[in-house]
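*Asks:* Below you'll find target-v7.csv; it's CSV, C-alpha atoms (C1' of nucleotides).
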chain,number,residue,atom,x,y,z
Z,1,MET,CA,88.7,140.4,30.6
Z,2,GLU,CA,90.6,143.5,31.8
Z,3,THR,CA,91.1,144.2,35.4
Z,4,PRO,CA,88.1,143.4,37.6
Z,5,ASP,CA,86.1,146.0,39.5
Z,6,LEU,CA,87.3,145.5,43.0
Z,7,ARG,CA,84.6,147.7,44.5
Z,8,VAL,CA,82.0,145.3,43.0
Z,9,LEU,CA,83.9,142.3,44.2
Z,10,TYR,CA,84.1,143.8,47.7
Z,11,THR,CA,80.4,144.4,47.8
Z,12,GLU,CA,79.6,140.9,46.6
Z,13,LEU,CA,81.9,139.2,49.1
Z,14,LEU,CA,80.5,141.4,51.9
Z,15,ARG,CA,76.9,140.4,51.0
Z,16,ARG,CA,77.9,136.7,50.8
Z,17,HIS,CA,79.8,136.4,54.0
Z,18,GLY,CA,78.8,139.4,56.0
Z,19,PRO,CA,81.2,141.8,57.7
Z,20,GLN,CA,84.1,139.9,59.0
Z,21,GLY,CA,85.5,142.7,61.1
Z,22,TRP,CA,88.7,141.1,60.0
Z,23,TRP,CA,92.1,142.2,61.1
Z,24,TRP,CA,95.3,140.1,61.1
Z,25,PRO,CA,95.2,138.0,64.3
Z,26,GLY,CA,97.6,139.2,67.0
Z,27,GLU,CA,97.6,141.3,70.1
Z,28,ASN,CA,100.2,143.9,69.1
Z,29,PRO,CA,102.0,145.0,65.9
Z,30,PHE,CA,105.1,143.0,66.7
Z,31,GLU,CA,103.2,139.8,67.2
Z,32,ILE,CA,101.3,140.4,63.9
Z,33,ALA,CA,104.6,140.9,62.0
Z,34,ILE,CA,106.2,137.8,63.6
Z,35,GLY,CA,103.0,135.8,62.8
Z,36,ALA,CA,103.3,136.9,59.2
Z,37,VAL,CA,106.7,135.3,58.9
Z,38,LEU,CA,105.8,132.2,60.9
Z,39,VAL,CA,102.8,131.5,58.6
Z,40,GLN,CA,104.9,131.5,55.4
Z,41,ARG,CA,104.3,128.2,53.6
Z,42,SER,CA,102.7,126.9,56.8
Z,43,ARG,CA,99.3,127.0,58.5
Z,44,TRP,CA,97.9,129.6,60.8
Z,45,GLY,CA,97.3,127.0,63.5
Z,46,GLN,CA,101.0,126.1,63.5
Z,47,ALA,CA,101.9,129.8,63.6
Z,48,VAL,CA,99.7,130.3,66.6
Z,49,ILE,CA,101.4,127.5,68.5
Z,50,SER,CA,104.8,128.9,67.7
Z,51,LEU,CA,103.6,132.4,68.8
Z,52,ARG,CA,102.4,131.0,72.1
Z,53,ASN,CA,105.7,129.1,72.6
Z,54,LEU,CA,107.6,132.3,72.1
Z,55,GLU,CA,105.3,134.2,74.4
Z,56,ARG,CA,105.7,131.6,77.2
Z,57,ALA,CA,109.5,131.9,76.8
Z,58,GLY,CA,109.3,135.7,77.1
Z,59,LEU,CA,110.5,136.1,73.5
Z,60,LEU,CA,107.5,137.7,71.9
Z,61,ALA,CA,109.1,141.1,72.0
Z,62,PRO,CA,111.8,142.8,69.8
Z,63,THR,CA,114.8,143.0,72.1
Z,64,PRO,CA,114.5,139.6,73.8
Z,65,LEU,CA,113.9,137.9,70.5
Z,66,ALA,CA,116.9,139.6,68.9
Z,67,GLY,CA,119.0,138.6,71.8
Z,68,ALA,CA,118.0,135.0,72.1
Z,69,THR,CA,120.0,132.1,70.6
Z,70,GLU,CA,119.0,130.7,67.3
Z,71,GLU,CA,118.8,127.3,68.8
Z,72,THR,CA,116.4,128.4,71.5
Z,73,ILE,CA,114.1,130.0,68.9
Z,74,ARG,CA,114.3,126.9,66.7
Z,75,SER,CA,113.0,124.7,69.5
Z,76,LEU,CA,110.0,127.0,69.9
Z,77,VAL,CA,109.0,127.5,66.3
Z,78,ARG,CA,109.9,124.2,64.7
Z,79,GLY,CA,106.3,123.3,64.2
Z,80,SER,CA,105.9,126.1,61.7
Z,81,GLY,CA,108.4,124.4,59.4
Z,82,PHE,CA,111.7,125.4,57.8
Z,83,PRO,CA,113.5,125.3,61.2
Z,84,THR,CA,116.9,126.2,59.7
Z,85,VAL,CA,115.4,129.3,58.0
Z,86,LYS,CA,112.6,130.8,60.1
Z,87,PRO,CA,114.6,131.4,63.3
Z,88,ARG,CA,117.0,133.6,61.4
Z,89,ARG,CA,114.2,135.5,59.7
Z,90,LEU,CA,112.5,136.1,63.0
Z,91,GLN,CA,115.7,137.5,64.5
Z,92,ALA,CA,116.3,139.6,61.4
Z,93,LEU,CA,112.8,141.1,61.9
Z,94,ALA,CA,113.4,141.6,65.6
Z,95,ALA,CA,116.7,143.3,65.1
Z,96,TRP,CA,115.2,145.5,62.4
Z,97,TRP,CA,112.4,146.4,64.8
Z,98,VAL,CA,114.8,147.5,67.5
Z,99,GLN,CA,116.9,149.6,65.2
Z,100,ARG,CA,114.6,151.0,62.5
Z,101,TYR,CA,110.9,150.5,63.3
Z,102,SER,CA,110.5,153.9,64.8
Z,103,THR,CA,111.9,155.6,61.6
Z,104,VAL,CA,109.2,154.2,59.4
Z,105,SER,CA,106.6,156.8,60.5
Z,106,ALA,CA,108.5,159.4,58.6
Z,107,MET,CA,108.4,157.5,55.3
Z,108,THR,CA,106.0,157.4,52.5
Z,109,ASP,CA,104.0,154.2,51.9
Z,110,ALA,CA,106.4,153.2,49.0
Z,111,GLU,CA,109.5,154.0,51.1
Z,112,ALA,CA,108.2,152.0,54.0
Z,113,ARG,CA,107.6,149.0,51.7
Z,114,VAL,CA,111.1,149.1,50.4
Z,115,GLU,CA,112.4,149.3,53.9
Z,116,LEU,CA,110.4,146.2,54.8
Z,117,LEU,CA,111.8,144.3,51.7
Z,118,GLY,CA,115.2,144.9,53.0
Z,119,ILE,CA,114.6,142.6,55.9
Z,120,GLU,CA,115.8,139.0,55.4
Z,121,GLY,CA,112.7,136.8,55.1
Z,122,VAL,CA,110.4,139.6,54.1
Z,123,GLY,CA,109.4,139.3,50.5
Z,124,GLU,CA,106.6,140.9,48.4
Z,125,GLU,CA,103.7,139.3,50.1
Z,126,THR,CA,104.9,139.6,53.7
Z,127,ALA,CA,105.9,143.2,53.0
Z,128,ASP,CA,102.3,144.0,51.9
Z,129,ALA,CA,100.8,142.1,54.9
Z,130,ILE,CA,103.0,144.1,57.3
Z,131,SER,CA,102.3,147.3,55.4
Z,132,LEU,CA,98.6,146.8,55.9
Z,133,TYR,CA,98.2,145.2,59.2
Z,134,VAL,CA,101.2,146.6,61.1
Z,135,LEU,CA,101.9,150.0,59.5
Z,136,ARG,CA,98.3,150.5,58.6
Z,137,ARG,CA,99.1,151.7,55.1
Z,138,PRO,CA,97.0,150.8,52.0
Z,139,ALA,CA,98.0,147.5,50.5
Z,140,PHE,CA,96.4,144.6,48.7
Z,141,LEU,CA,97.7,141.1,49.3
Z,142,CYS,CA,98.2,139.5,45.9
Z,143,ASP,CA,98.3,136.0,47.5
Z,144,GLU,CA,97.1,132.6,46.3
Z,145,TYR,CA,93.5,133.2,47.4
Z,146,ALA,CA,93.3,136.4,45.5
Z,147,ARG,CA,94.8,134.8,42.5
Z,148,ARG,CA,92.3,132.0,42.4
Z,149,LEU,CA,89.4,134.3,43.0
Z,150,LEU,CA,90.3,136.7,40.3
Z,151,THR,CA,91.1,133.9,37.9
Z,152,ASP,CA,87.7,132.4,38.5
Z,153,ARG,CA,86.2,135.7,37.7
Z,154,GLY,CA,87.7,135.7,34.3
Z,155,TRP,CA,90.8,137.7,34.8
Z,156,ASP,CA,94.1,136.4,33.3
Z,157,VAL,CA,96.2,136.9,36.5
Z,158,PRO,CA,99.9,137.5,35.8
Z,159,ARG,CA,102.2,134.8,37.1
Z,160,SER,CA,104.6,136.6,39.4
Z,161,TYR,CA,103.6,138.6,42.5
Z,162,ARG,CA,105.2,141.7,41.0
Z,163,ALA,CA,103.3,141.5,37.7
Z,164,PHE,CA,100.1,140.7,39.6
Z,165,ARG,CA,100.5,143.6,41.9
Z,166,ARG,CA,101.4,146.0,39.1
Z,167,ALA,CA,98.5,144.9,36.9
Z,168,LEU,CA,96.0,145.3,39.7
Z,169,ASP,CA,97.2,148.8,40.7
Z,170,PRO,CA,94.9,150.8,38.4
Z,171,ALA,CA,91.9,148.9,39.7
Z,172,LEU,CA,92.9,149.6,43.3
Z,173,GLN,CA,93.3,153.3,42.6
Z,174,GLU,CA,89.9,153.3,41.0
Z,175,ALA,CA,88.3,151.5,44.0
Z,176,ARG,CA,89.6,154.0,46.5
Z,177,PHE,CA,89.6,151.6,49.4
Z,178,SER,CA,90.4,152.8,52.9
Z,179,VAL,CA,92.9,150.8,55.0
Z,180,ALA,CA,90.0,149.3,57.0
Z,181,GLU,CA,88.3,148.2,53.8
Z,182,LEU,CA,91.5,146.7,52.4
Z,183,ALA,CA,92.0,144.8,55.6
Z,184,GLU,CA,88.4,143.6,55.5
Z,185,LEU,CA,88.7,142.7,51.8
Z,186,HIS,CA,91.7,140.4,52.4
Z,187,GLY,CA,89.7,138.7,55.2
Z,188,LEU,CA,86.8,138.2,52.9
Z,189,ILE,CA,89.0,136.8,50.2
Z,190,VAL,CA,90.6,134.4,52.6
Z,191,GLU,CA,87.1,133.4,53.9
Z,192,GLU,CA,85.9,132.8,50.4
Z,193,GLY,CA,89.0,130.8,49.5
Z,194,LYS,CA,88.9,128.6,52.5
Z,195,LEU,CA,85.1,128.0,52.1
Z,196,ARG,CA,85.4,126.6,48.6
Z,197,GLY,CA,88.8,125.1,49.2
Z,198,ARG,CA,91.0,125.7,46.2
X,199,DC,C1',101.5,107.2,51.4
X,200,DA,C1',101.0,111.5,48.7
X,201,DC,C1',100.0,116.0,48.9
X,202,DC,C1',100.2,120.7,50.6
X,203,DA,C1',99.9,124.9,53.7
X,204,DG,C1',98.0,132.9,54.0
X,205,DG,C1',106.6,132.5,50.8
X,206,DG,C1',111.5,133.7,50.3
X,207,DT,C1',116.1,133.3,48.6
X,208,DG,C1',119.8,132.4,45.6
X,209,DG,C1',121.3,130.7,41.3
X,210,DT,C1',120.3,130.0,36.2
X,211,DT,C1',118.5,131.1,31.7
V,212,DA,C1',112.2,139.3,34.1
V,213,DA,C1',110.8,134.5,34.4
V,214,DC,C1',111.9,130.1,36.2
V,215,DC,C1',113.7,126.7,39.4
V,216,DA,C1',115.5,123.9,43.4
V,217,DC,C1',115.5,124.3,47.9
V,218,DC,C1',114.1,125.2,52.5
V,219,DA,C1',110.8,121.0,56.0
V,220,DT,C1',107.2,120.3,59.7
V,221,DG,C1',102.6,118.7,60.7
V,222,DG,C1',97.8,117.9,59.1
V,223,DT,C1',94.6,115.3,56.1
Give the structure from the file, written as structure tokens.
*Replies:*
Amino acid sequence: METPDLRVLYTELLRRHGPQGWWWPGENPFEIAIGAVLVQRSRWGQAVISLRNLERAGLLAPTPLAGATEETIRSLVRGSGFPTVKPRRLQALAAWWVQRYSTVSAMTDAEARVELLGIEGVGEETADAISLYVLRRPAFLCDEYARRLLTDRGWDVPRSYRAFRRALDPALQEARFSVAELAELHGLIVEEGKLRGR
DNA sequence: CACCAGGGTGGTT
DNA sequence: AACCACCATGGT
């Protein structure tokens, strides 16, 4: 089967689960971005705990987080896993935010994505999540849930994130989703994935 | 006790 | 470009 009709998929999921009104959980853009890093290979519940810990410590803001010690951050986010890795990534993101976040508005969607990929700890999937839910630019998260769903619908999904994303691009152009629809679509795919568990 | 969660990086082939 | 070991805690 060639690439699936994403508009049909969207309609089906919407009918099955109802409107989710879904947006990435988080009060402000910075919190959403930090949450996207914290949840990497972890669980949302653990990411939330870490976010609250950072908030209570007054570190859920770019400048304070960039200026904190790595050890302090480690003690607050340990529960999200990879304690020797994530604190550095969070600080890299905070430092980037202080220095370059304001410059993104002048960039194209593609340029903004490249900019995000330059941050330590921001790879393909996290870049797409931040593009969509922080920068509010069109993006589709080619994550594990999307892979399973599209595989079950008979599409031979490419292995790597890059190849997956590239192969799906024509279908995305065809569907002409708005940013709000793409956000909702991801929420629906996650909902569908969690519901039937793997 | 085994398995795995809304990934990314660096090194190797 | 694909593949791999590694990073690691907490939940089930």
*Asks:* Tell me which protein, DNA and RNA residues are within 12 Å of range 199-205 of chain X, counting only C-alpha atoms (C1' of nucleotides), leaving out same-chain ones fewer than 5 positions away, and put them as an MDAnalysis selection string.
*Replies:* (chainID Z and resid 24:25 35:47 80:82 85:86 121:127 129 141:146 161 186:187 189:191 193:194 197:198) or (chainID V and resid 218:223)
*Asks:* When you draw a straight line from CA of Val179 in chain Z to CA of Arg137 in chain Z, how long is it in Å?
*Replies:* 6.3 Å
*Asks:* Just the number, please: distance in Å from CA of Ala68 in chain Z to CA of Arg89 in chain Z, one decimal.
*Replies:*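 Distance between the two atoms: 13.0 Å.
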*Asks:* Taking only C-alpha atoms (C1' of nucleotides) into account, name the residue in Z:Ala61, Z:Ile49, Z:Ala110, Z:Ala175 that is nearest to chain V.
*Replies:*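 Nearest candidate to chain V out of Z:Ala61, Z:Ile49, Z:Ala110, Z:Ala175: Z:Ile49.
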*Asks:* Between Z:Val77, Z:Ala180, Z:Ala92, Z:Leu135, which has the minimum distance to chain V (counting all atoms listed in the file)?
*Replies:*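 Looking at the shortest contact to chain V, the residue is Z:Val77.
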*Asks:* In Å, how far is it from CA of Thr151 in chain Z to CA of Pro4 in chain Z?
*Replies:* 10.0 Å
*Asks:* For Tyr10 in chain Z, please output as a list in words all residues within 10 Å (counting only C-alpha atoms (C1' of nucleotides); exclusion window: fewer than 3 positions along the same chain).
*Replies:*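 In the requested form, the answer reads Asp5, Leu6, Arg7, Leu13, Leu14, Arg15, Arg16, Ala175, Phe177, Glu181, Leu182, Glu184, Leu185, His186, Leu188 and Ile189 of chain Z.
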*Asks:* Smallest atom-to-atom distance to chain X: which of Z:Glu115, Z:Glu120, Z:Asp152, Z:Asp169, using only C-alpha atoms (C1' of nucleotides)?
*Replies:*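 Between Z:Glu115, Z:Glu120, Z:Asp152, Z:Asp169, the residue approaching chain X most closely is Z:Glu120.
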*Asks:* Set the distance at 12 Å and use only C-alpha atoms (C1' of nucleotides): which residues neighbour DG208 in chain X once local chain neighbours fewer than 2 positions away are removed? I'd like the list as a list in words.
*Replies:*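 The contact residues come out as DG206 and DT210 of chain X; DC215, DA216, DC217 and DC218 of chain V.
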